[in-house]
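query36.txt, holding compact mmCIF, N, CA and C atoms and all ligand atoms:
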# COMPACT_ATOMS: atom_id res chain seq x y z
N MET B 665 139.58 237.18 26.74
CA MET B 665 139.61 237.65 25.34
C MET B 665 138.65 236.83 24.50
N SER B 666 137.88 237.49 23.68
CA SER B 666 136.98 236.77 22.78
C SER B 666 137.76 236.27 21.57
N ASN B 667 137.13 235.41 20.82
CA ASN B 667 137.76 234.87 19.61
C ASN B 667 138.17 235.98 18.64
N ASN B 668 137.30 237.01 18.58
CA ASN B 668 137.54 238.13 17.67
C ASN B 668 138.79 238.91 18.06
N GLN B 669 138.93 239.13 19.39
CA GLN B 669 140.10 239.87 19.89
C GLN B 669 141.38 239.10 19.61
N ILE B 670 141.34 237.78 19.87
CA ILE B 670 142.50 236.93 19.64
C ILE B 670 142.86 236.96 18.15
N ASP B 671 141.82 236.89 17.31
CA ASP B 671 142.02 236.91 15.87
C ASP B 671 142.68 238.21 15.41
N SER B 672 142.21 239.35 15.92
CA SER B 672 142.78 240.63 15.49
C SER B 672 144.18 240.83 16.08
N PHE B 673 144.43 240.23 17.27
CA PHE B 673 145.76 240.28 17.88
C PHE B 673 146.78 239.58 16.97
N PHE B 674 146.39 238.39 16.47
CA PHE B 674 147.31 237.64 15.61
C PHE B 674 147.44 238.29 14.23
N ARG B 675 146.36 238.92 13.75
CA ARG B 675 146.44 239.60 12.46
C ARG B 675 147.40 240.79 12.55
N LYS B 676 147.38 241.48 13.72
CA LYS B 676 148.27 242.63 13.94
C LYS B 676 149.73 242.16 13.92
N ILE B 677 150.02 241.04 14.60
CA ILE B 677 151.38 240.50 14.63
C ILE B 677 151.81 240.09 13.22
N ASP B 678 150.87 239.49 12.48
CA ASP B 678 151.17 239.02 11.13
C ASP B 678 151.53 240.18 10.20
N ASN B 679 150.96 241.36 10.47
CA ASN B 679 151.23 242.53 9.63
C ASN B 679 152.46 243.32 10.07
N ASN B 680 153.04 242.95 11.22
CA ASN B 680 154.20 243.69 11.73
C ASN B 680 155.45 242.80 11.65
N PRO B 681 156.39 243.13 10.76
CA PRO B 681 157.57 242.27 10.58
C PRO B 681 158.43 242.15 11.83
N ILE B 682 158.46 243.19 12.68
CA ILE B 682 159.28 243.14 13.90
C ILE B 682 158.68 242.13 14.88
N GLN B 683 157.35 242.24 15.11
CA GLN B 683 156.67 241.33 16.03
C GLN B 683 156.72 239.89 15.50
N LYS B 684 156.56 239.74 14.18
CA LYS B 684 156.57 238.42 13.55
C LYS B 684 157.90 237.72 13.80
N THR B 685 159.03 238.45 13.56
CA THR B 685 160.37 237.90 13.77
C THR B 685 160.57 237.53 15.23
N LEU B 686 160.14 238.43 16.12
CA LEU B 686 160.30 238.19 17.56
C LEU B 686 159.52 236.95 18.00
N VAL B 687 158.29 236.82 17.52
CA VAL B 687 157.45 235.65 17.87
C VAL B 687 158.13 234.36 17.41
N ILE B 688 158.68 234.36 16.18
CA ILE B 688 159.32 233.16 15.66
C ILE B 688 160.55 232.79 16.49
N ILE B 689 161.41 233.80 16.81
CA ILE B 689 162.63 233.54 17.60
C ILE B 689 162.26 233.01 18.98
N LEU B 690 161.30 233.68 19.65
CA LEU B 690 160.91 233.25 21.00
C LEU B 690 160.28 231.87 20.98
N ALA B 691 159.48 231.58 19.95
CA ALA B 691 158.82 230.27 19.86
C ALA B 691 159.85 229.15 19.70
N ILE B 692 160.90 229.41 18.90
CA ILE B 692 161.95 228.39 18.70
C ILE B 692 162.71 228.16 20.01
N ILE B 693 163.10 229.26 20.69
CA ILE B 693 163.83 229.14 21.97
C ILE B 693 162.96 228.41 23.00
N ASP B 694 161.70 228.84 23.13
CA ASP B 694 160.78 228.21 24.09
C ASP B 694 160.60 226.72 23.78
N GLY B 695 160.49 226.41 22.50
CA GLY B 695 160.32 225.02 22.07
C GLY B 695 161.46 224.14 22.57
N PHE B 696 162.70 224.63 22.38
CA PHE B 696 163.87 223.87 22.84
C PHE B 696 163.90 223.75 24.36
N VAL B 697 163.63 224.90 25.04
CA VAL B 697 163.65 224.91 26.51
C VAL B 697 162.63 223.92 27.06
N LEU B 698 161.41 223.94 26.51
CA LEU B 698 160.35 223.05 27.00
C LEU B 698 160.68 221.59 26.70
N LEU B 699 161.27 221.37 25.52
CA LEU B 699 161.65 220.01 25.12
C LEU B 699 162.69 219.43 26.08
N PHE B 700 163.73 220.25 26.41
CA PHE B 700 164.78 219.77 27.31
C PHE B 700 164.28 219.63 28.74
N SER B 701 163.29 220.48 29.13
CA SER B 701 162.79 220.43 30.50
C SER B 701 161.99 219.16 30.74
N LEU B 702 161.53 218.50 29.66
CA LEU B 702 160.76 217.26 29.78
C LEU B 702 161.55 216.17 30.50
N THR B 703 162.89 216.23 30.40
CA THR B 703 163.73 215.21 31.03
C THR B 703 163.63 215.27 32.56
N SER B 704 163.21 216.44 33.11
CA SER B 704 163.08 216.52 34.57
C SER B 704 161.62 216.44 35.01
N GLY B 705 160.79 215.83 34.20
CA GLY B 705 159.42 215.55 34.60
C GLY B 705 158.48 216.73 34.52
N PHE B 706 157.28 216.54 35.09
CA PHE B 706 156.23 217.55 34.97
C PHE B 706 156.59 218.84 35.69
N SER B 707 157.22 218.75 36.89
CA SER B 707 157.57 219.96 37.64
C SER B 707 158.60 220.78 36.86
N GLY B 708 159.53 220.09 36.19
CA GLY B 708 160.53 220.76 35.35
C GLY B 708 159.86 221.49 34.20
N LEU B 709 158.88 220.83 33.58
CA LEU B 709 158.15 221.41 32.46
C LEU B 709 157.38 222.65 32.91
N LEU B 710 156.75 222.54 34.08
CA LEU B 710 155.97 223.65 34.63
C LEU B 710 156.88 224.84 34.92
N ALA B 711 158.02 224.58 35.58
CA ALA B 711 158.98 225.63 35.90
C ALA B 711 159.49 226.30 34.62
N ALA B 712 159.81 225.47 33.61
CA ALA B 712 160.31 226.00 32.34
C ALA B 712 159.26 226.86 31.66
N ALA B 713 157.98 226.44 31.73
CA ALA B 713 156.90 227.19 31.10
C ALA B 713 156.75 228.56 31.75
N ILE B 714 156.86 228.59 33.10
CA ILE B 714 156.73 229.87 33.82
C ILE B 714 157.90 230.79 33.47
N ILE B 715 159.12 230.22 33.45
CA ILE B 715 160.31 231.02 33.11
C ILE B 715 160.18 231.56 31.68
N CYS B 716 159.76 230.71 30.74
CA CYS B 716 159.57 231.13 29.35
C CYS B 716 158.59 232.29 29.27
N PHE B 717 157.48 232.19 30.02
CA PHE B 717 156.45 233.22 29.99
C PHE B 717 157.04 234.57 30.43
N PHE B 718 157.81 234.56 31.54
CA PHE B 718 158.37 235.81 32.05
C PHE B 718 159.46 236.36 31.14
N VAL B 719 160.32 235.47 30.61
CA VAL B 719 161.39 235.92 29.70
C VAL B 719 160.79 236.48 28.42
N ASP B 720 159.75 235.81 27.90
CA ASP B 720 159.09 236.29 26.67
C ASP B 720 158.47 237.67 26.88
N THR B 721 157.79 237.83 28.04
CA THR B 721 157.15 239.12 28.34
C THR B 721 158.21 240.22 28.41
N LEU B 722 159.32 239.91 29.08
CA LEU B 722 160.42 240.87 29.22
C LEU B 722 161.01 241.23 27.86
N MET B 723 161.29 240.21 27.04
CA MET B 723 161.85 240.43 25.71
C MET B 723 160.91 241.28 24.85
N TRP B 724 159.60 241.02 24.98
CA TRP B 724 158.58 241.75 24.23
C TRP B 724 158.62 243.23 24.60
N GLN B 725 158.72 243.50 25.93
CA GLN B 725 158.76 244.89 26.41
C GLN B 725 160.04 245.59 25.94
N ILE B 726 161.19 244.89 26.05
CA ILE B 726 162.48 245.47 25.67
C ILE B 726 162.49 245.78 24.17
N CYS B 727 162.04 244.81 23.36
CA CYS B 727 162.02 244.98 21.91
C CYS B 727 161.08 246.13 21.52
N GLY B 728 159.93 246.19 22.18
CA GLY B 728 158.97 247.27 21.92
C GLY B 728 159.55 248.62 22.24
N PHE B 729 160.30 248.69 23.35
CA PHE B 729 160.91 249.95 23.79
C PHE B 729 161.94 250.44 22.76
N PHE B 730 162.80 249.53 22.28
CA PHE B 730 163.88 249.95 21.37
C PHE B 730 163.42 250.19 19.94
N THR B 731 162.19 249.78 19.59
CA THR B 731 161.69 250.01 18.24
C THR B 731 160.56 251.03 18.25
N ARG B 732 160.46 251.78 19.36
CA ARG B 732 159.40 252.79 19.49
C ARG B 732 159.66 253.95 18.54
N CYS B 733 158.58 254.44 17.91
CA CYS B 733 158.69 255.58 16.99
C CYS B 733 158.75 256.88 17.80
N PRO B 734 159.76 257.75 17.52
CA PRO B 734 159.85 259.00 18.28
C PRO B 734 158.77 260.01 17.90
N PHE B 735 158.06 259.76 16.80
CA PHE B 735 157.05 260.73 16.33
C PHE B 735 155.64 260.37 16.81
N CYS B 736 155.21 259.10 16.60
CA CYS B 736 153.85 258.72 16.97
C CYS B 736 153.80 257.84 18.21
N ASN B 737 155.01 257.49 18.77
CA ASN B 737 155.10 256.69 20.00
C ASN B 737 154.63 255.25 19.88
N GLU B 738 154.31 254.77 18.66
CA GLU B 738 153.93 253.36 18.48
C GLU B 738 155.16 252.50 18.79
N ARG B 739 154.93 251.35 19.44
CA ARG B 739 156.02 250.41 19.65
C ARG B 739 156.07 249.44 18.46
N PHE B 740 157.20 248.75 18.31
CA PHE B 740 157.42 247.83 17.18
C PHE B 740 157.20 248.56 15.85
N ALA B 741 157.79 249.75 15.74
CA ALA B 741 157.49 250.60 14.60
C ALA B 741 158.67 250.87 13.67
N MET B 742 159.89 251.05 14.22
CA MET B 742 161.00 251.51 13.39
C MET B 742 161.72 250.34 12.70
N VAL B 743 161.68 250.35 11.37
CA VAL B 743 162.32 249.30 10.57
C VAL B 743 163.42 249.93 9.72
N LYS B 744 164.59 249.27 9.66
CA LYS B 744 165.71 249.81 8.88
C LYS B 744 165.35 249.80 7.40
N GLU B 745 165.45 250.97 6.78
CA GLU B 745 165.07 251.10 5.38
C GLU B 745 166.30 251.05 4.47
N SER B 746 167.36 251.78 4.87
CA SER B 746 168.57 251.78 4.07
C SER B 746 169.78 252.06 4.94
N SER B 747 170.94 251.76 4.37
CA SER B 747 172.19 251.95 5.08
C SER B 747 173.20 252.54 4.09
N GLN B 748 173.64 253.77 4.37
CA GLN B 748 174.55 254.45 3.44
C GLN B 748 175.97 254.40 4.00
N TYR B 749 176.89 253.87 3.19
CA TYR B 749 178.28 253.74 3.62
C TYR B 749 178.96 255.10 3.59
N LEU B 750 179.57 255.50 4.69
CA LEU B 750 180.19 256.83 4.77
C LEU B 750 181.71 256.77 4.67
N GLY B 751 182.32 255.67 5.09
CA GLY B 751 183.77 255.57 5.02
C GLY B 751 184.33 254.79 6.19
N ASP B 752 185.66 254.60 6.15
CA ASP B 752 186.33 253.86 7.21
C ASP B 752 187.19 254.80 8.05
N SER B 753 187.46 254.40 9.26
CA SER B 753 188.45 255.11 10.07
C SER B 753 189.29 254.08 10.79
N PRO B 754 190.54 254.45 11.10
CA PRO B 754 191.39 253.47 11.78
C PRO B 754 190.92 253.23 13.22
N ALA B 755 191.08 252.01 13.67
CA ALA B 755 190.70 251.65 15.04
C ALA B 755 191.67 250.58 15.52
N THR B 756 191.50 250.14 16.71
CA THR B 756 192.33 249.05 17.22
C THR B 756 191.42 247.98 17.82
N LYS B 757 191.93 246.77 17.86
CA LYS B 757 191.20 245.72 18.57
C LYS B 757 192.19 244.86 19.33
N THR B 758 191.67 244.17 20.33
CA THR B 758 192.52 243.35 21.18
C THR B 758 192.37 241.89 20.77
N VAL B 759 193.50 241.25 20.50
CA VAL B 759 193.46 239.82 20.20
C VAL B 759 194.29 239.06 21.22
N ARG B 760 193.83 237.86 21.54
CA ARG B 760 194.53 237.03 22.52
C ARG B 760 195.57 236.18 21.80
N GLN B 761 196.85 236.35 22.21
CA GLN B 761 197.94 235.59 21.60
C GLN B 761 198.36 234.46 22.54
N LYS B 762 198.79 233.34 21.93
CA LYS B 762 199.19 232.18 22.74
C LYS B 762 200.71 232.01 22.68
N ILE B 763 201.33 231.71 23.79
CA ILE B 763 202.75 231.37 23.83
C ILE B 763 202.84 229.86 23.99
N ARG B 764 203.59 229.21 23.05
CA ARG B 764 203.68 227.75 23.08
C ARG B 764 205.11 227.32 23.44
N ASN B 765 205.25 226.20 24.06
CA ASN B 765 206.59 225.64 24.31
C ASN B 765 207.02 224.83 23.10
N LYS B 766 208.20 224.19 23.17
CA LYS B 766 208.72 223.49 21.99
C LYS B 766 207.89 222.27 21.58
N TYR B 767 206.97 221.83 22.48
CA TYR B 767 206.11 220.70 22.14
C TYR B 767 204.78 221.17 21.53
N GLY B 768 204.65 222.50 21.39
CA GLY B 768 203.44 223.06 20.80
C GLY B 768 202.30 223.23 21.79
N GLU B 769 202.57 223.06 23.08
CA GLU B 769 201.52 223.22 24.09
C GLU B 769 201.45 224.69 24.52
N VAL B 770 200.23 225.16 24.73
CA VAL B 770 200.05 226.55 25.16
C VAL B 770 200.47 226.67 26.63
N ILE B 771 201.45 227.55 26.89
CA ILE B 771 201.91 227.71 28.28
C ILE B 771 201.46 229.04 28.87
N ALA B 772 201.11 229.99 28.00
CA ALA B 772 200.62 231.29 28.51
C ALA B 772 199.86 232.01 27.41
N THR B 773 199.06 232.99 27.79
CA THR B 773 198.38 233.84 26.80
C THR B 773 198.58 235.29 27.20
N TYR B 774 198.53 236.17 26.21
CA TYR B 774 198.58 237.60 26.50
C TYR B 774 197.74 238.34 25.48
N ASP B 775 197.25 239.53 25.86
CA ASP B 775 196.41 240.34 24.97
C ASP B 775 197.27 241.34 24.22
N GLN B 776 197.08 241.39 22.90
CA GLN B 776 197.85 242.31 22.07
C GLN B 776 196.88 243.23 21.33
N THR B 777 197.25 244.52 21.28
CA THR B 777 196.43 245.48 20.55
C THR B 777 196.94 245.57 19.12
N VAL B 778 196.03 245.32 18.15
CA VAL B 778 196.42 245.33 16.73
C VAL B 778 195.52 246.32 15.97
N PRO B 779 196.01 246.81 14.80
CA PRO B 779 195.20 247.74 14.02
C PRO B 779 193.94 247.07 13.48
N ALA B 780 192.86 247.84 13.37
CA ALA B 780 191.60 247.34 12.82
C ALA B 780 190.94 248.48 12.05
N THR B 781 189.81 248.19 11.44
CA THR B 781 189.08 249.20 10.67
C THR B 781 187.69 249.37 11.24
N ARG B 782 187.26 250.61 11.36
CA ARG B 782 185.88 250.87 11.77
C ARG B 782 185.13 251.45 10.59
N SER B 783 184.04 250.79 10.16
CA SER B 783 183.24 251.26 9.03
C SER B 783 182.04 252.04 9.54
N HIS B 784 181.82 253.21 8.94
CA HIS B 784 180.73 254.08 9.39
C HIS B 784 179.58 254.09 8.39
N TYR B 785 178.35 254.07 8.91
CA TYR B 785 177.15 254.06 8.07
C TYR B 785 176.14 255.08 8.59
N LEU B 786 175.37 255.63 7.66
CA LEU B 786 174.22 256.44 8.05
C LEU B 786 172.99 255.57 7.79
N GLU B 787 172.32 255.15 8.87
CA GLU B 787 171.20 254.22 8.73
C GLU B 787 169.87 254.97 8.83
N THR B 788 168.98 254.65 7.91
CA THR B 788 167.66 255.28 7.89
C THR B 788 166.61 254.29 8.37
N TYR B 789 165.86 254.69 9.39
CA TYR B 789 164.77 253.87 9.91
C TYR B 789 163.45 254.56 9.60
N ARG B 790 162.42 253.78 9.21
CA ARG B 790 161.12 254.37 8.91
C ARG B 790 160.03 253.71 9.74
N CYS B 791 159.12 254.55 10.23
CA CYS B 791 158.03 254.05 11.06
C CYS B 791 156.99 253.34 10.20
N LEU B 792 156.55 252.15 10.67
CA LEU B 792 155.55 251.37 9.93
C LEU B 792 154.18 252.04 9.96
N TYR B 793 153.96 252.93 10.93
CA TYR B 793 152.63 253.49 11.14
C TYR B 793 152.50 254.90 10.57
N CYS B 794 153.39 255.85 11.00
CA CYS B 794 153.24 257.23 10.56
C CYS B 794 154.23 257.59 9.45
N LYS B 795 155.10 256.62 9.05
CA LYS B 795 156.11 256.78 8.00
C LYS B 795 157.19 257.81 8.37
N GLY B 796 157.26 258.17 9.64
CA GLY B 796 158.30 259.09 10.12
C GLY B 796 159.69 258.51 9.89
N GLU B 797 160.68 259.38 9.61
CA GLU B 797 162.02 258.93 9.27
C GLU B 797 163.02 259.33 10.35
N LYS B 798 163.87 258.40 10.74
CA LYS B 798 164.90 258.69 11.72
C LYS B 798 166.24 258.22 11.18
N LYS B 799 167.26 259.11 11.21
CA LYS B 799 168.59 258.74 10.73
C LYS B 799 169.53 258.61 11.91
N THR B 800 170.30 257.53 11.94
CA THR B 800 171.28 257.37 13.01
C THR B 800 172.62 256.96 12.42
N ASN B 801 173.69 257.37 13.11
CA ASN B 801 175.03 256.94 12.71
C ASN B 801 175.35 255.64 13.40
N ALA B 802 175.90 254.71 12.64
CA ALA B 802 176.29 253.43 13.21
C ALA B 802 177.68 253.10 12.70
N SER B 803 178.45 252.40 13.51
CA SER B 803 179.76 251.97 13.05
C SER B 803 180.04 250.56 13.52
N TYR B 804 180.74 249.82 12.68
CA TYR B 804 181.03 248.42 12.97
C TYR B 804 182.53 248.17 12.81
N LYS B 805 183.13 247.54 13.79
CA LYS B 805 184.56 247.27 13.76
C LYS B 805 184.83 245.93 13.06
N SER B 806 185.89 245.90 12.24
CA SER B 806 186.27 244.62 11.63
C SER B 806 187.76 244.47 11.64
ZN ZN A 1 155.48 256.63 13.87
Can the structure in the file be given as structure tokens, please?
Amino acid sequence: MSNNQIDSFFRKIDNNPIQKTLVIILAIIDGFVLLFSLTSGFSGLLAAAIICFFVDTLMWQICGFFTRCPFCNERFAMVKESSQYLGDSPATKTVRQKIRNKYGEVIATYDQTVPATRSHYLETYRCLYCKGEKKTNASYKS
């Protein structure tokens, strides 16, 4: 790659909020991994660098795939624009309960199903390149 290509590659990342966030997250994780690998010497550092490279490449591909625009096929394209609250519906969730003896020590646990709420949203995603709009239903349990 020439200097010009590298320069335009970084300018493209700088203009794309999805790629920018991903680069920052991966750089922080890689930084910690490489720092801790130093304790096992040069071979540890080399192994960590290779693992980081493959994990980063994989994460880049996965992230690109899930943010692909269905209209223009650009990757790293769909950004959440708005989220419209539609309402709640009843749901259940499982919580782990503890059984204690008279000394307060946990002697057993069991799973109990309790009522919960599921909140529904209509989320709007917009393509950074062709401005195409995609609406999806999302729900979050609380
Ligand atoms: Zn698009």
(request) May I have the residues within 8 Å of B:Asp775 as a list of chain:residue names, using all atoms listed in the file and disregarding those fewer than 6 positions away in the same chain? (result) B:Lys757, B:Thr758, B:Val759, B:Arg760, B:Gln761, B:Lys762
(request) Could you give me the residues within 7 Å of ligand ZN 1 (chain A), counting all atoms listed in the file, as a PyMOL selection string? (result) chain B and resi 732-738+741+790-796
(request) Go ahead and compute the interatomic distance for atom C of B:Leu750 and atom N of B:Thr781, in Å to one decimal. (result) 13.6 Å
(request) Determine which residues of chain B DSSP labels as helix (DSSP H, G or I) from the backbone of this structure, then write them out as an NGL selection string. (result) :B and (667-679 or 681-730)
(request) Excluding B:Asn801 and residues on its chain fewer than 6 positions from it, collect all residues at most 9 Å away from it, counting only C-alpha atoms, and give them as JSON, numbers by chain. (result) {"B": [784, 785, 786, 787, 788]}
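With atom C of B:Gln748 on one side and atom CA of B:Gly728 on the other, the separation reads 25.7 Å.
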Cut-off 9 Å: closest stretch 705-798 of chain B/stretch 680-687 of chain B atom pairs per residue, using only C-alpha atoms, as a tab-separated table:
residue	atom	partner	partner_atom	distance
B:Asp720	CA	B:Val687	CA	9.0
B:Met723	CA	B:Leu686	CA	8.6
B:Trp724	CA	B:Leu686	CA	7.8
B:Cys727	CA	B:Leu686	CA	8.2
B:Gly728	CA	B:Gln683	CA	8.7
B:Thr731	CA	B:Ile682	CA	8.5
B:Phe740	CA	B:Ile682	CA	6.0
B:Ala741	CA	B:Ile682	CA	7.7
B:Met742	CA	B:Ile682	CA	8.6
B:Val743	CA	B:Ile682	CA	7.6
B:Leu792	CA	B:Asn680	CA	8.0
(request) Find the distance between atom N of B:Gly751 and atom N of B:Phe730 and write it in Å to one decimal. (result) 26.7 Å
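Residues with any atom within 7 Å of the point (187.1, 253.8, 14.8), counting only N, CA and C atoms, are Asp752, Ser753, Pro754, Ala755, Thr756, Thr781, Arg782 and Ser783 of chain B.
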(request) Please identify all polymer residues within 8 Å of B:Ala712, counting only N, CA and C atoms, omitting same-chain residues fewer than 3 positions from it, and present them as a list in words. (result) Asp694, Val697, Leu698, Ser701, Phe706, Ser707, Gly708, Leu709, Ile715, Cys716, Phe717 and Phe718 of chain B
